[in-house]
$ cat protein_13.cif   # mmCIF, C-alpha atoms
data_final
#
loop_
_atom_site.label_atom_id
_atom_site.label_comp_id
_atom_site.auth_asym_id
_atom_site.auth_seq_id
_atom_site.Cartn_x
_atom_site.Cartn_y
_atom_site.Cartn_z
CA MET A 1 0.00 0.00 0.00
CA THR A 2 2.83 2.39 0.87
CA ALA A 3 4.48 1.68 -2.48
CA ILE A 4 1.23 2.52 -4.31
CA SER A 5 0.91 5.73 -2.34
CA ARG A 6 4.53 6.68 -2.97
CA PHE A 7 4.07 6.07 -6.70
CA LEU A 8 0.86 8.10 -6.89
CA THR A 9 2.34 11.06 -5.03
CA SER A 10 5.51 10.94 -7.17
CA ARG A 11 5.85 12.83 -10.44
CA TRP A 12 4.35 9.79 -12.17
CA GLY A 13 1.17 9.91 -10.09
CA PRO A 14 -0.76 12.56 -12.06
CA ILE A 15 0.53 11.08 -15.35
CA PHE A 16 -0.70 7.58 -14.45
CA THR A 17 -3.99 8.96 -13.12
CA GLY A 18 -4.52 11.15 -16.20
CA GLY A 19 -3.81 8.19 -18.48
CA VAL A 20 -6.25 5.90 -16.64
CA ILE A 21 -8.98 8.56 -16.59
CA GLY A 22 -8.46 9.26 -20.30
CA ILE A 23 -8.84 5.58 -21.20
CA LEU A 24 -11.83 5.05 -18.89
CA ALA A 25 -13.59 8.17 -20.21
CA ALA A 26 -13.35 6.99 -23.83
CA VAL A 27 -14.41 3.44 -22.88
CA LEU A 28 -17.43 4.76 -20.94
CA VAL A 29 -18.60 6.49 -24.14
CA LYS A 30 -18.23 3.20 -25.99
CA LEU A 31 -20.31 1.51 -23.29
CA GLY A 32 -23.14 4.02 -23.48
CA ASN A 33 -22.25 7.43 -22.02
CA PRO A 34 -22.98 10.48 -24.25
CA GLY A 35 -20.43 11.43 -26.92
CA ASN A 36 -17.23 13.07 -25.62
CA MET A 37 -18.85 12.83 -22.18
CA GLY A 38 -17.32 9.71 -20.71
CA LEU A 39 -16.80 11.91 -17.69
CA CYS A 40 -17.95 15.44 -16.97
CA ILE A 41 -18.26 16.55 -13.38
CA ALA A 42 -20.48 19.52 -14.31
CA CYS A 43 -22.76 17.67 -16.75
CA PHE A 44 -23.09 14.66 -14.45
CA THR A 45 -23.85 16.87 -11.45
CA ARG A 46 -26.44 18.63 -13.60
CA ASP A 47 -27.94 15.25 -14.51
CA ILE A 48 -28.17 14.38 -10.81
CA ALA A 49 -29.86 17.74 -10.10
CA GLY A 50 -32.36 16.89 -12.84
CA ALA A 51 -32.96 13.38 -11.55
CA LEU A 52 -33.79 14.90 -8.16
CA GLY A 53 -36.28 17.23 -9.85
CA LEU A 54 -34.25 20.39 -9.14
CA HIS A 55 -34.71 21.20 -12.81
CA ARG A 56 -37.14 19.67 -15.27
CA ALA A 57 -35.08 19.63 -18.46
CA ALA A 58 -36.33 16.20 -19.51
CA THR A 59 -33.25 15.28 -21.57
CA VAL A 60 -30.66 15.65 -18.80
CA GLN A 61 -31.88 13.68 -15.80
CA TYR A 62 -29.96 10.69 -14.45
CA ILE A 63 -28.16 9.83 -11.22
CA ARG A 64 -24.63 9.39 -12.55
CA PRO A 65 -22.77 6.58 -10.75
CA GLU A 66 -19.43 8.11 -11.78
CA ILE A 67 -20.02 11.01 -9.37
CA ILE A 68 -21.05 8.64 -6.56
CA GLY A 69 -18.03 6.41 -7.22
CA GLY A 70 -15.68 9.38 -7.54
CA LEU A 71 -16.46 10.74 -4.11
CA LEU A 72 -16.57 7.30 -2.48
CA GLY A 73 -13.28 6.29 -4.14
CA ALA A 74 -11.62 9.41 -2.72
CA PHE A 75 -13.19 8.65 0.67
CA ILE A 76 -11.78 5.11 0.63
CA ALA A 77 -8.31 6.33 -0.38
CA ALA A 78 -8.35 9.05 2.27
CA VAL A 79 -9.34 6.58 5.00
CA ALA A 80 -6.85 3.94 3.80
CA PHE A 81 -3.95 6.40 3.72
CA ARG A 82 -4.92 8.29 6.89
CA GLU A 83 -5.85 11.49 5.09
CA PHE A 84 -9.51 11.47 6.08
CA LYS A 85 -9.66 14.79 7.91
CA PRO A 86 -13.06 16.41 8.42
CA ARG A 87 -12.71 20.19 8.21
CA THR A 88 -14.84 23.22 7.42
CA GLY A 89 -15.23 26.95 7.99
CA SER A 90 -13.39 28.55 5.07
CA ALA A 91 -16.06 30.91 3.73
CA PRO A 92 -18.63 28.21 2.90
CA LEU A 93 -21.23 30.69 1.65
CA VAL A 94 -18.77 32.20 -0.83
CA ARG A 95 -17.79 28.71 -1.97
CA PHE A 96 -21.46 27.92 -2.56
CA LEU A 97 -21.73 30.99 -4.81
CA LEU A 98 -18.52 30.06 -6.64
CA GLY A 99 -19.89 26.57 -7.24
CA MET A 100 -23.10 28.03 -8.60
CA PHE A 101 -21.37 30.42 -10.98
CA ALA A 102 -18.83 27.80 -12.04
CA MET A 103 -21.81 25.66 -13.05
CA PHE A 104 -23.39 28.53 -15.01
CA GLY A 105 -20.15 29.02 -16.93
CA ALA A 106 -19.67 25.30 -17.54
CA LEU A 107 -23.24 24.88 -18.81
CA VAL A 108 -22.88 27.82 -21.21
CA PHE A 109 -19.87 25.97 -22.67
CA LEU A 110 -21.47 22.53 -22.13
CA GLY A 111 -18.81 20.91 -20.03
CA CYS A 112 -16.44 21.31 -17.12
CA PRO A 113 -12.65 21.43 -17.67
CA TRP A 114 -12.61 17.61 -17.70
CA ARG A 115 -15.04 17.53 -20.59
CA ALA A 116 -13.32 20.43 -22.34
CA TYR A 117 -10.21 18.25 -22.59
CA LEU A 118 -12.27 15.18 -23.51
CA ARG A 119 -14.06 17.11 -26.26
CA LEU A 120 -10.66 18.12 -27.62
CA ALA A 121 -9.51 14.48 -27.47
CA GLY A 122 -12.63 13.50 -29.43
CA GLY A 123 -11.94 16.03 -32.21
CA ASP A 124 -14.50 18.66 -31.17
CA TRP A 125 -12.60 21.82 -32.10
CA ASN A 126 -15.17 24.02 -30.33
CA ALA A 127 -13.40 22.87 -27.17
CA ILE A 128 -10.37 24.95 -28.17
CA PHE A 129 -12.35 28.13 -27.42
CA GLY A 130 -13.48 26.65 -24.13
CA ILE A 131 -9.94 25.70 -23.12
CA LEU A 132 -8.66 29.15 -24.08
CA GLY A 133 -11.41 30.62 -21.94
CA LEU A 134 -10.49 28.28 -19.10
CA VAL A 135 -6.87 29.46 -19.23
CA VAL A 136 -7.95 33.11 -19.24
CA GLY A 137 -10.27 32.48 -16.27
CA ILE A 138 -7.45 30.78 -14.36
CA MET A 139 -5.14 33.73 -15.16
CA LEU A 140 -7.74 36.12 -13.74
CA GLY A 141 -7.91 33.97 -10.62
CA ILE A 142 -4.11 34.09 -10.35
CA ILE A 143 -4.19 37.90 -10.45
CA PHE A 144 -6.54 37.83 -7.46
CA LEU A 145 -4.39 35.25 -5.65
CA LYS A 146 -1.32 37.44 -6.16
CA ARG A 147 -3.22 40.42 -4.77
CA GLY A 148 -3.86 38.52 -1.56
CA PHE A 149 -7.21 36.88 -2.25
CA SER A 150 -8.07 34.24 0.35
CA LEU A 151 -11.19 32.45 1.51
CA GLY A 152 -9.61 32.15 4.94
CA ARG A 153 -8.70 29.13 7.03
CA ASN A 154 -10.72 26.03 7.68
CA HIS A 155 -10.65 24.31 11.04
CA ASN A 156 -10.93 20.72 12.15
CA ALA A 157 -14.45 19.38 12.47
CA PRO A 158 -15.96 16.34 14.23
CA LYS A 159 -15.51 13.05 12.38
CA ALA A 160 -19.27 12.94 11.74
CA LEU A 161 -19.05 15.91 9.35
CA GLY A 162 -16.73 13.97 7.06
CA PHE A 163 -19.24 11.12 6.73
CA ILE A 164 -22.05 13.35 5.46
CA MET A 165 -21.02 13.42 1.79
CA PRO A 166 -20.24 9.68 1.59
CA ALA A 167 -23.70 9.11 3.14
CA VAL A 168 -25.27 11.46 0.57
CA MET A 169 -23.60 9.46 -2.20
CA VAL A 170 -24.82 6.13 -0.80
CA THR A 171 -28.32 7.64 -0.62
CA LEU A 172 -28.06 8.70 -4.28
CA LEU A 173 -26.99 5.17 -5.16
CA VAL A 174 -30.04 3.75 -3.39
CA LEU A 175 -32.29 6.26 -5.21
CA LEU A 176 -30.68 5.27 -8.51
CA ILE A 177 -31.33 1.58 -7.91
CA VAL A 178 -34.80 1.91 -6.38
CA ALA A 179 -35.95 4.83 -8.60
CA PRO A 180 -39.05 5.51 -6.48
CA LEU A 181 -42.21 6.81 -8.16
CA PHE A 182 -44.28 8.25 -5.31
CA GLY A 183 -46.06 11.01 -7.23
CA ARG A 184 -48.85 11.01 -9.82
CA ASP A 185 -49.06 13.31 -12.82
CA ALA A 186 -52.27 14.95 -14.09
CA SER A 187 -53.25 11.74 -15.89
CA GLY A 188 -52.63 9.64 -12.80
CA ASN A 189 -49.42 8.08 -14.08
CA PRO A 190 -46.67 7.41 -11.52
CA THR A 191 -43.96 10.10 -11.53
CA GLY A 192 -41.06 11.38 -9.42
CA PRO A 193 -39.49 12.15 -7.04
CA ILE A 194 -36.69 10.65 -9.13
CA PHE A 195 -36.72 11.49 -12.84
CA PHE A 196 -34.77 9.66 -15.52
CA SER A 197 -34.50 10.89 -19.11
CA THR A 198 -35.94 8.69 -21.81
CA THR A 199 -34.36 10.73 -24.62
CA GLY A 200 -31.27 12.94 -24.94
CA PRO A 201 -27.92 12.75 -23.14
CA GLY A 202 -29.55 11.82 -19.82
CA SER A 203 -30.85 8.61 -21.39
CA LEU A 204 -27.35 7.59 -22.49
CA TYR A 205 -25.33 5.78 -19.89
CA ALA A 206 -22.91 2.91 -19.42
CA PRO A 207 -23.98 -0.05 -17.21
CA LEU A 208 -24.34 0.98 -13.58
CA LEU A 209 -21.65 -1.25 -12.09
CA ILE A 210 -19.09 -0.28 -14.73
CA SER A 211 -19.78 3.45 -14.23
CA LEU A 212 -19.63 3.04 -10.46
CA GLY A 213 -16.42 1.01 -10.68
CA ALA A 214 -14.81 3.55 -13.00
CA GLY A 215 -15.78 6.32 -10.58
CA LEU A 216 -14.30 4.43 -7.63
CA ILE A 217 -10.99 3.88 -9.46
CA ILE A 218 -10.83 7.51 -10.58
CA GLY A 219 -11.68 8.88 -7.14
CA PHE A 220 -9.10 6.63 -5.49
CA LEU A 221 -6.29 7.54 -7.90
CA ALA A 222 -7.13 11.24 -8.07
CA GLN A 223 -7.28 11.59 -4.28
CA ARG A 224 -3.75 10.18 -3.99
CA SER A 225 -2.23 11.97 -6.99
CA ARG A 226 -4.09 15.30 -6.41
CA PHE A 227 -5.16 15.27 -10.09
CA CYS A 228 -6.65 18.69 -10.86
CA THR A 229 -7.52 20.11 -14.26
CA VAL A 230 -7.41 23.71 -13.01
CA GLY A 231 -4.42 23.40 -10.68
CA ALA A 232 -2.49 22.05 -13.69
CA VAL A 233 -2.57 25.41 -15.47
CA ARG A 234 -2.51 27.50 -12.29
CA ASP A 235 0.66 25.86 -10.92
CA VAL A 236 2.57 26.26 -14.19
CA VAL A 237 1.78 29.98 -14.36
CA LEU A 238 2.01 30.76 -10.67
CA LEU A 239 4.69 28.38 -9.42
CA LYS A 240 6.46 27.19 -12.60
CA ASP A 241 5.45 23.68 -11.51
CA ARG A 242 4.47 21.19 -14.27
CA HIS A 243 3.59 18.35 -11.89
CA LEU A 244 -0.19 18.46 -12.47
CA LEU A 245 0.02 19.64 -16.08
CA ASN A 246 1.78 16.39 -17.02
CA GLY A 247 -1.36 14.61 -15.78
CA ILE A 248 -3.59 16.66 -18.07
CA ILE A 249 -1.34 15.98 -21.07
CA ALA A 250 -1.54 12.24 -20.32
CA PHE A 251 -5.31 12.57 -19.88
CA VAL A 252 -5.79 14.14 -23.33
CA VAL A 253 -3.29 11.87 -25.10
CA PHE A 254 -4.71 8.63 -23.68
CA ALA A 255 -8.30 9.72 -24.31
CA PHE A 256 -7.36 10.68 -27.88
CA VAL A 257 -5.60 7.37 -28.60
CA THR A 258 -8.44 5.34 -27.04
CA ASN A 259 -10.98 7.33 -29.07
CA LEU A 260 -8.98 6.55 -32.23
CA ILE A 261 -8.85 2.83 -31.40
CA LEU A 262 -12.58 2.73 -30.64
CA GLY A 263 -13.46 4.73 -33.78
CA GLN A 264 -14.84 7.63 -31.74
CA PHE A 265 -12.54 10.39 -33.00
CA LYS A 266 -14.41 12.77 -35.28
CA ALA A 267 -12.67 16.05 -36.09
CA GLY A 268 -14.61 19.23 -36.81
CA PHE A 269 -16.71 22.05 -35.47
CA THR A 270 -20.20 21.03 -36.51
CA GLY A 271 -22.26 17.98 -35.61
CA GLN A 272 -20.30 17.35 -32.42
CA PRO A 273 -22.14 15.56 -29.60
CA VAL A 274 -23.70 17.75 -26.88
CA ALA A 275 -21.93 20.87 -28.16
CA HIS A 276 -22.75 24.17 -29.87
CA THR A 277 -20.59 26.20 -32.23
CA ASP A 278 -20.80 29.66 -30.66
CA GLY A 279 -17.07 30.23 -30.18
CA TRP A 280 -17.42 33.49 -28.28
CA TRP A 281 -19.65 32.03 -25.55
CA ASN A 282 -17.76 28.74 -25.47
CA PHE A 283 -14.86 30.99 -24.53
CA GLY A 284 -16.84 33.28 -22.21
CA GLY A 285 -18.52 30.47 -20.30
CA MET A 286 -15.19 28.87 -19.49
CA VAL A 287 -13.61 32.20 -18.47
CA LEU A 288 -16.26 32.33 -15.75
CA ALA A 289 -15.84 28.66 -14.82
CA GLY A 290 -12.03 28.93 -14.76
CA LEU A 291 -12.16 31.99 -12.51
CA ALA A 292 -14.66 30.44 -10.10
CA PHE A 293 -12.73 27.14 -9.89
CA THR A 294 -9.44 28.95 -9.30
CA LEU A 295 -10.88 31.11 -6.52
CA ALA A 296 -12.30 27.97 -4.89
CA GLY A 297 -8.92 26.19 -5.07
CA GLY A 298 -9.47 23.53 -7.72
CA CYS A 299 -11.50 22.00 -10.53
CA PRO A 300 -14.87 20.32 -9.91
CA GLY A 301 -13.29 16.89 -9.81
CA ARG A 302 -10.82 18.04 -7.18
CA GLN A 303 -13.68 19.58 -5.17
CA LEU A 304 -15.54 16.26 -5.32
CA PHE A 305 -12.51 14.29 -4.16
CA LEU A 306 -11.72 16.81 -1.39
CA ALA A 307 -15.32 16.40 -0.23
CA GLY A 308 -14.60 12.67 -0.02
CA GLU A 309 -11.59 13.44 2.20
CA GLY A 310 -13.92 15.22 4.62
CA ASP A 311 -13.55 18.78 3.35
CA GLY A 312 -16.94 20.33 4.16
CA ASP A 313 -16.13 23.50 2.21
CA ALA A 314 -15.47 21.55 -0.99
CA ALA A 315 -18.76 19.73 -0.34
CA ILE A 316 -20.57 23.08 -0.14
CA PHE A 317 -18.96 24.07 -3.45
CA TRP A 318 -20.34 20.90 -5.05
CA LEU A 319 -23.78 21.57 -3.55
CA GLY A 320 -23.53 25.08 -5.06
CA MET A 321 -22.96 23.35 -8.39
CA VAL A 322 -26.09 21.22 -7.87
CA VAL A 323 -28.22 24.29 -7.16
CA GLY A 324 -26.49 26.18 -9.98
CA ALA A 325 -27.46 23.38 -12.35
CA GLY A 326 -31.09 23.66 -11.29
CA LEU A 327 -31.09 27.43 -11.78
CA ALA A 328 -29.16 27.21 -15.06
CA HIS A 329 -31.97 25.19 -16.61
CA THR A 330 -34.96 26.95 -15.03
CA PHE A 331 -33.50 30.41 -15.92
CA SER A 332 -32.57 29.42 -19.52
CA ILE A 333 -28.86 29.92 -18.81
CA ALA A 334 -27.67 26.49 -19.96
CA SER A 335 -26.80 26.05 -23.62
CA SER A 336 -28.04 23.20 -25.79
CA PRO A 337 -26.74 21.77 -29.07
CA ALA A 338 -29.05 24.33 -30.74
CA GLY A 339 -27.00 27.18 -29.27
CA VAL A 340 -26.53 29.42 -26.27
CA GLY A 341 -29.48 29.79 -23.85
CA ALA A 342 -31.47 33.06 -23.82
CA PHE A 343 -29.90 34.24 -20.56
CA GLY A 344 -26.55 32.41 -20.81
CA PRO A 345 -24.50 35.45 -21.86
CA ALA A 346 -26.12 37.65 -19.19
CA ALA A 347 -25.43 35.02 -16.53
CA VAL A 348 -21.78 34.82 -17.59
CA LEU A 349 -21.40 38.61 -17.30
CA VAL A 350 -23.15 38.71 -13.92
CA GLY A 351 -21.04 35.75 -12.79
CA LEU A 352 -17.81 37.45 -13.86
CA ALA A 353 -18.86 40.60 -11.96
CA VAL A 354 -19.74 38.66 -8.79
CA CYS A 355 -16.62 36.48 -8.92
CA SER A 356 -14.45 39.57 -9.48
CA LEU A 357 -16.09 41.22 -6.49
CA ILE A 358 -15.30 38.09 -4.48
CA GLY A 359 -11.72 38.22 -5.78
CA PHE A 360 -11.30 41.87 -4.80
CA THR A 361 -12.94 41.68 -1.39
CA MET A 362 -12.18 38.30 0.21
CA ARG A 363 -9.11 38.47 2.44
CA GLU A 364 -8.01 36.47 5.41
CA VAL A 365 -9.20 38.05 8.67
CA ARG A 366 -6.82 37.20 11.51
CA ALA A 367 -8.30 36.78 14.97
CA MET B 368 24.15 34.53 10.35
CA SER B 369 20.94 33.27 8.72
CA ASP B 370 17.46 34.78 8.94
CA MET B 371 14.48 32.79 10.21
CA THR B 372 11.02 33.25 8.74
CA ILE B 373 7.86 31.49 9.87
CA VAL B 374 4.98 30.84 7.48
CA ASP B 375 1.72 29.63 9.01
CA ALA B 376 -0.31 28.15 6.14
CA ARG B 377 -2.53 25.83 8.18
CA GLY B 378 -6.12 25.58 6.98
CA LEU B 379 -5.58 27.45 3.72
CA SER B 380 -6.73 26.20 0.29
CA CYS B 381 -4.51 25.42 -2.68
CA PRO B 382 -2.34 27.11 -3.85
CA GLN B 383 -1.92 29.48 -0.91
CA PRO B 384 0.52 27.39 1.21
CA ALA B 385 2.85 26.93 -1.77
CA LEU B 386 2.43 30.56 -2.84
CA MET B 387 3.21 31.89 0.65
CA THR B 388 6.31 29.69 0.83
CA ARG B 389 7.45 30.85 -2.61
CA GLU B 390 7.03 34.48 -1.50
CA ALA B 391 9.07 33.81 1.64
CA ILE B 392 11.79 32.14 -0.45
CA ARG B 393 11.93 35.13 -2.81
CA LYS B 394 11.99 37.64 0.02
CA LEU B 395 14.68 35.84 1.99
CA GLY B 396 17.06 34.73 -0.77
CA LYS B 397 18.74 32.34 1.60
CA GLY B 398 18.45 31.35 5.24
CA SER B 399 15.88 29.27 7.13
CA ILE B 400 12.13 29.13 6.78
CA LYS B 401 9.71 27.21 8.95
CA VAL B 402 6.34 26.43 7.37
CA TRP B 403 3.34 25.02 9.21
CA VAL B 404 0.75 23.15 7.15
CA ASP B 405 -1.98 20.66 7.93
CA THR B 406 -2.32 18.51 4.81
CA GLU B 407 -0.01 16.13 2.99
CA THR B 408 -0.97 17.85 -0.27
CA ALA B 409 0.53 21.10 1.03
CA VAL B 410 3.69 19.21 2.09
CA GLU B 411 4.05 17.78 -1.43
CA ASN B 412 3.40 21.13 -3.13
CA ILE B 413 5.83 23.02 -0.90
CA THR B 414 8.47 20.32 -1.32
CA ARG B 415 8.33 20.86 -5.10
CA VAL B 416 8.52 24.64 -4.67
CA ALA B 417 11.54 24.25 -2.37
CA ASN B 418 13.32 21.79 -4.67
CA ASN B 419 12.63 23.89 -7.78
CA ASN B 420 14.26 26.86 -6.03
CA GLY B 421 17.27 24.91 -4.75
CA TRP B 422 16.22 24.81 -1.08
CA ARG B 423 16.59 21.76 1.17
CA ILE B 424 13.43 20.71 2.94
CA GLN B 425 12.62 18.48 5.90
CA ALA B 426 9.04 17.63 6.92
CA THR B 427 8.24 16.62 10.48
CA PRO B 428 4.76 15.43 11.50
CA GLN B 429 3.49 17.32 14.54
CA PRO B 430 1.96 15.60 17.59
CA GLY B 431 -1.37 17.46 17.29
CA GLY B 432 -1.63 16.78 13.51
CA GLY B 433 -0.16 18.71 10.63
CA PHE B 434 3.49 19.15 9.68
CA GLN B 435 6.38 21.48 10.31
CA LEU B 436 8.54 22.01 7.24
CA GLU B 437 12.05 23.31 7.65
CA LEU B 438 13.54 24.88 4.54
CA GLU B 439 17.15 25.89 4.26
CA LYS B 440 19.50 27.39 1.71
#
$ encode --input "protein_13.cif" --output "structure tokens"
Amino acid sequence: MTAISRFLTSRWGPIFTGGVIGILAAVLVKLGNPGNMGLCIACFTRDIAGALGLHRAATVQYIRPEIIGGLLGAFIAAVAFREFKPRTGSAPLVRFLLGMFAMFGALVFLGCPWRAYLRLAGGDWNAIFGILGLVVGIMLGIIFLKRGFSLGRNHNAPKALGFIMPAVMVTLLVLLIVAPLFGRDASGNPTGPIFFSTTGPGSLYAPLLISLGAGLIIGFLAQRSRFCTVGAVRDVVLLKDRHLLNGIIAFVVFAFVTNLILGQFKAGFTGQPVAHTDGWWNFGGMVLAGLAFTLAGGCPGRQLFLAGEGDGDAAIFWLGMVVGAGLAHTFSIASSPAGVGAFGPAAVLVGLAVCSLIGFTMREVRA
Amino acid sequence: MSDMTIVDARGLSCPQPALMTREAIRKLGKGSIKVWVDTETAVENITRVANNNGWRIQATPQPGGGFQLELEK
């Protein structure tokens, strides 16, 4: 076990993790997940929000086992390697807002940073605008970090706090398996409280156990190797440290090669799965997401895995993403393959203003 | 005669512990720096910052949890 841990925390850790995630993501598409969406923390969180009825966009509702497995895999790794450390208290309300706005930005682009790289690896050139936006957003976050931005210190919390998110994930798993239908619609047909898409991306998924297993592996590896799709760029710019970036390069390369082998690579701008071609807002959405993720300390995957380690603030960020997903669909902020949503651009501008305000105003207050 | 700087980065999110250490390294040039952190991730990040800047680093787990890192150049 110590040898595994030493390997995963070495310079090869992020590279190995990125490679495994890249392969698994492409294979999950082959086994049923939506195109170029083997894994997407934002899209899958949005699908969970929909399955819980927090939005009623009928095409994007499913309880994604990859999210459940991801958090539980990180939880298992953290417990096994004595890193399970319940903690909270670092500006949770601000983190909730950052999670919400990160989700708005990601849903204007149609993907989190993970999916931006996966879309690139599948030949969707629209992702280039998204990745450029992501880099710009991270750079903005770095400016704030250099000016002294801080969400303040967390403090240790009772063990019980660290078990909340694993328990939430187990509950989601039960809801996925049982899929209760307590309600009745106007015609008297059984409906809700859990909603699953019958058409669209929400209806496309790999077998439950495979998705769950992939999530567990990814969560376990990423918790040990600290794999982070935002930290990768941030650390190169801010600290001249390529450690995490190597993981992202491996992620894209292995996903690309696996896509080629499986016949899933299709280069171009148009006709790409779950994507639109509005370059400007692909860029703009990810500027917002990149800024929000950087201010919160890491990409959505990293937040999920930190939540598995017992980080209550990262958990609040993820819950902000869940609520953000609900609002993004009810307020017509989320894009669709047809194009940008009616209020997507406005939400990005408001989000940039709010996140900048957070960047300018949040400082550590010493007792 | 070497200077001694103490950086308390306990409880802070990424990348602040590494950033604070890098700032201390830049400010000091050479000497000794003590850094307090409370996660292994911060230890790993700061170790890379120290090594990249040619500083020696020694991490010691603390009895109440967390680590004390001693950097020298």
$ closest_atom_pairs --input "protein_13.cif" --of "chain A" --to "chain B" --cutoff "7 Å" --atoms "only C-alpha atoms" --output "tab-separated table"
residue	atom	partner	partner_atom	distance
A:Gly152	CA	B:Leu379	CA	6.3
A:Arg153	CA	B:Gly378	CA	4.4
A:Asn154	CA	B:Gly378	CA	4.7
A:His155	CA	B:Gly378	CA	6.2
A:Gly297	CA	B:Cys381	CA	5.1
$ resolve_selection --input "protein_13.cif" --expression "the PyMOL selection byres ((chain B and resi 372) around 8)" --output "list of chain:residue names"
B:Asp370, B:Met371, B:Ile373, B:Val374, B:Ala391, B:Ser399, B:Ile400, B:Lys401
$ resolve_selection --input "protein_13.cif" --expression "the PyMOL selection byres ((chain A and resi 4) around 12)" --output "mmCIF file with C-alpha atoms, keeping the file's coordinate frame"
data_model
loop_
_atom_site.group_PDB
_atom_site.id
_atom_site.type_symbol
_atom_site.label_atom_id
_atom_site.label_comp_id
_atom_site.auth_asym_id
_atom_site.auth_seq_id
_atom_site.Cartn_x
_atom_site.Cartn_y
_atom_site.Cartn_z
ATOM 1 C CA MET A 1 0.000 0.000 0.000
ATOM 2 C CA THR A 2 2.830 2.390 0.870
ATOM 3 C CA ALA A 3 4.480 1.680 -2.480
ATOM 4 C CA SER A 5 0.910 5.730 -2.340
ATOM 5 C CA ARG A 6 4.530 6.680 -2.970
ATOM 6 C CA PHE A 7 4.070 6.070 -6.700
ATOM 7 C CA LEU A 8 0.860 8.100 -6.890
ATOM 8 C CA THR A 9 2.340 11.060 -5.030
ATOM 9 C CA SER A 10 5.510 10.940 -7.170
ATOM 10 C CA TRP A 12 4.350 9.790 -12.170
ATOM 11 C CA GLY A 13 1.170 9.910 -10.090
ATOM 12 C CA PHE A 16 -0.700 7.580 -14.450
ATOM 13 C CA ALA A 77 -8.310 6.330 -0.380
ATOM 14 C CA ALA A 80 -6.850 3.940 3.800
ATOM 15 C CA PHE A 81 -3.950 6.400 3.720
ATOM 16 C CA PHE A 220 -9.100 6.630 -5.490
ATOM 17 C CA LEU A 221 -6.290 7.540 -7.900
ATOM 18 C CA ARG A 224 -3.750 10.180 -3.990
ATOM 19 C CA SER A 225 -2.230 11.970 -6.990
#
$ resolve_selection --input "protein_13.cif" --expression "the PyMOL selection byres ((chain A and resi 109) around 9)" --output "short mmCIF file (atom, residue, chain, number, x, y, z; two decimals) with C-alpha atoms, in the coordinates of the input"
data_model
loop_
_atom_site.label_atom_id
_atom_site.label_comp_id
_atom_site.auth_asym_id
_atom_site.auth_seq_id
_atom_site.Cartn_x
_atom_site.Cartn_y
_atom_site.Cartn_z
CA PHE A 104 -23.39 28.53 -15.01
CA GLY A 105 -20.15 29.02 -16.93
CA ALA A 106 -19.67 25.30 -17.54
CA LEU A 107 -23.24 24.88 -18.81
CA VAL A 108 -22.88 27.82 -21.21
CA LEU A 110 -21.47 22.53 -22.13
CA GLY A 111 -18.81 20.91 -20.03
CA CYS A 112 -16.44 21.31 -17.12
CA ALA A 116 -13.32 20.43 -22.34
CA ALA A 127 -13.40 22.87 -27.17
CA GLY A 130 -13.48 26.65 -24.13
CA ALA A 275 -21.93 20.87 -28.16
CA HIS A 276 -22.75 24.17 -29.87
CA ASP A 278 -20.80 29.66 -30.66
CA TRP A 281 -19.65 32.03 -25.55
CA ASN A 282 -17.76 28.74 -25.47
CA PHE A 283 -14.86 30.99 -24.53
CA GLY A 284 -16.84 33.28 -22.21
CA GLY A 285 -18.52 30.47 -20.30
CA MET A 286 -15.19 28.87 -19.49
CA ALA A 334 -27.67 26.49 -19.96
CA SER A 335 -26.80 26.05 -23.62
CA VAL A 340 -26.53 29.42 -26.27
#
$ atom_distance --input "protein_13.cif" --atom1 "atom CA of A:Thr171" --atom2 "atom CA of A:Val27"
26.6 Å
$ residues_near_point --input "protein_13.cif" --point "(15.0, 27.9, -6.9)" --cutoff "7 Å" --atoms "only C-alpha atoms" --output "CSV table (one decimal) with C-alpha atoms, keeping the file's coordinate frame"
chain,number,residue,atom,x,y,z
B,417,ALA,CA,11.5,24.2,-2.4
B,418,ASN,CA,13.3,21.8,-4.7
B,419,ASN,CA,12.6,23.9,-7.8
B,420,ASN,CA,14.3,26.9,-6.0
B,421,GLY,CA,17.3,24.9,-4.8
B,422,TRP,CA,16.2,24.8,-1.1
$ atom_distance --input "protein_13.cif" --atom1 "atom CA of A:Gly312" --atom2 "atom CA of A:Ile217"
22.2 Å
$ residues_around --input "protein_13.cif" --residues "A:Gly310" --least-positions-apart "5" --cutoff "10 Å" --atoms "all atoms listed in the file" --output "JSON, numbers by chain"
{"A": [74, 75, 78, 79, 83, 84, 85, 86, 87, 88, 156, 157, 158, 159, 160, 161, 162, 163, 164, 165, 166, 305, 315]}
$ atom_distance --input "protein_13.cif" --atom1 "atom CA of A:Gly320" --atom2 "atom CA of A:Leu306"
14.9 Å
$ residues_around --input "protein_13.cif" --residues "A:Leu28" --least-positions-apart "2" --cutoff "9 Å" --atoms "only C-alpha atoms" --output "NGL selection string"
:A and (23-26 or 30-34 or 37-39 or 205-207 or 210-211 or 214)
$ residues_around --input "protein_13.cif" --residues "A:Val252" --least-positions-apart "5" --cutoff "10 Å" --atoms "all atoms listed in the file" --output "number ranges by chain"
A: 18-19, 21-23, 114, 116-122, 247, 257-258
$ closest_residue --input "protein_13.cif" --among "A:Ile194, A:Val170, A:Leu239, A:Ala179" --to "B:Arg393" --atoms "only C-alpha atoms"
A:Leu239
$ residues_near_point --input "protein_13.cif" --point "(7.7, 21.5, 3.3)" --cutoff "9 Å" --atoms "only C-alpha atoms" --output "ChimeraX atom specification"
/B:385,388,401-404,409-417,424-427,434-438
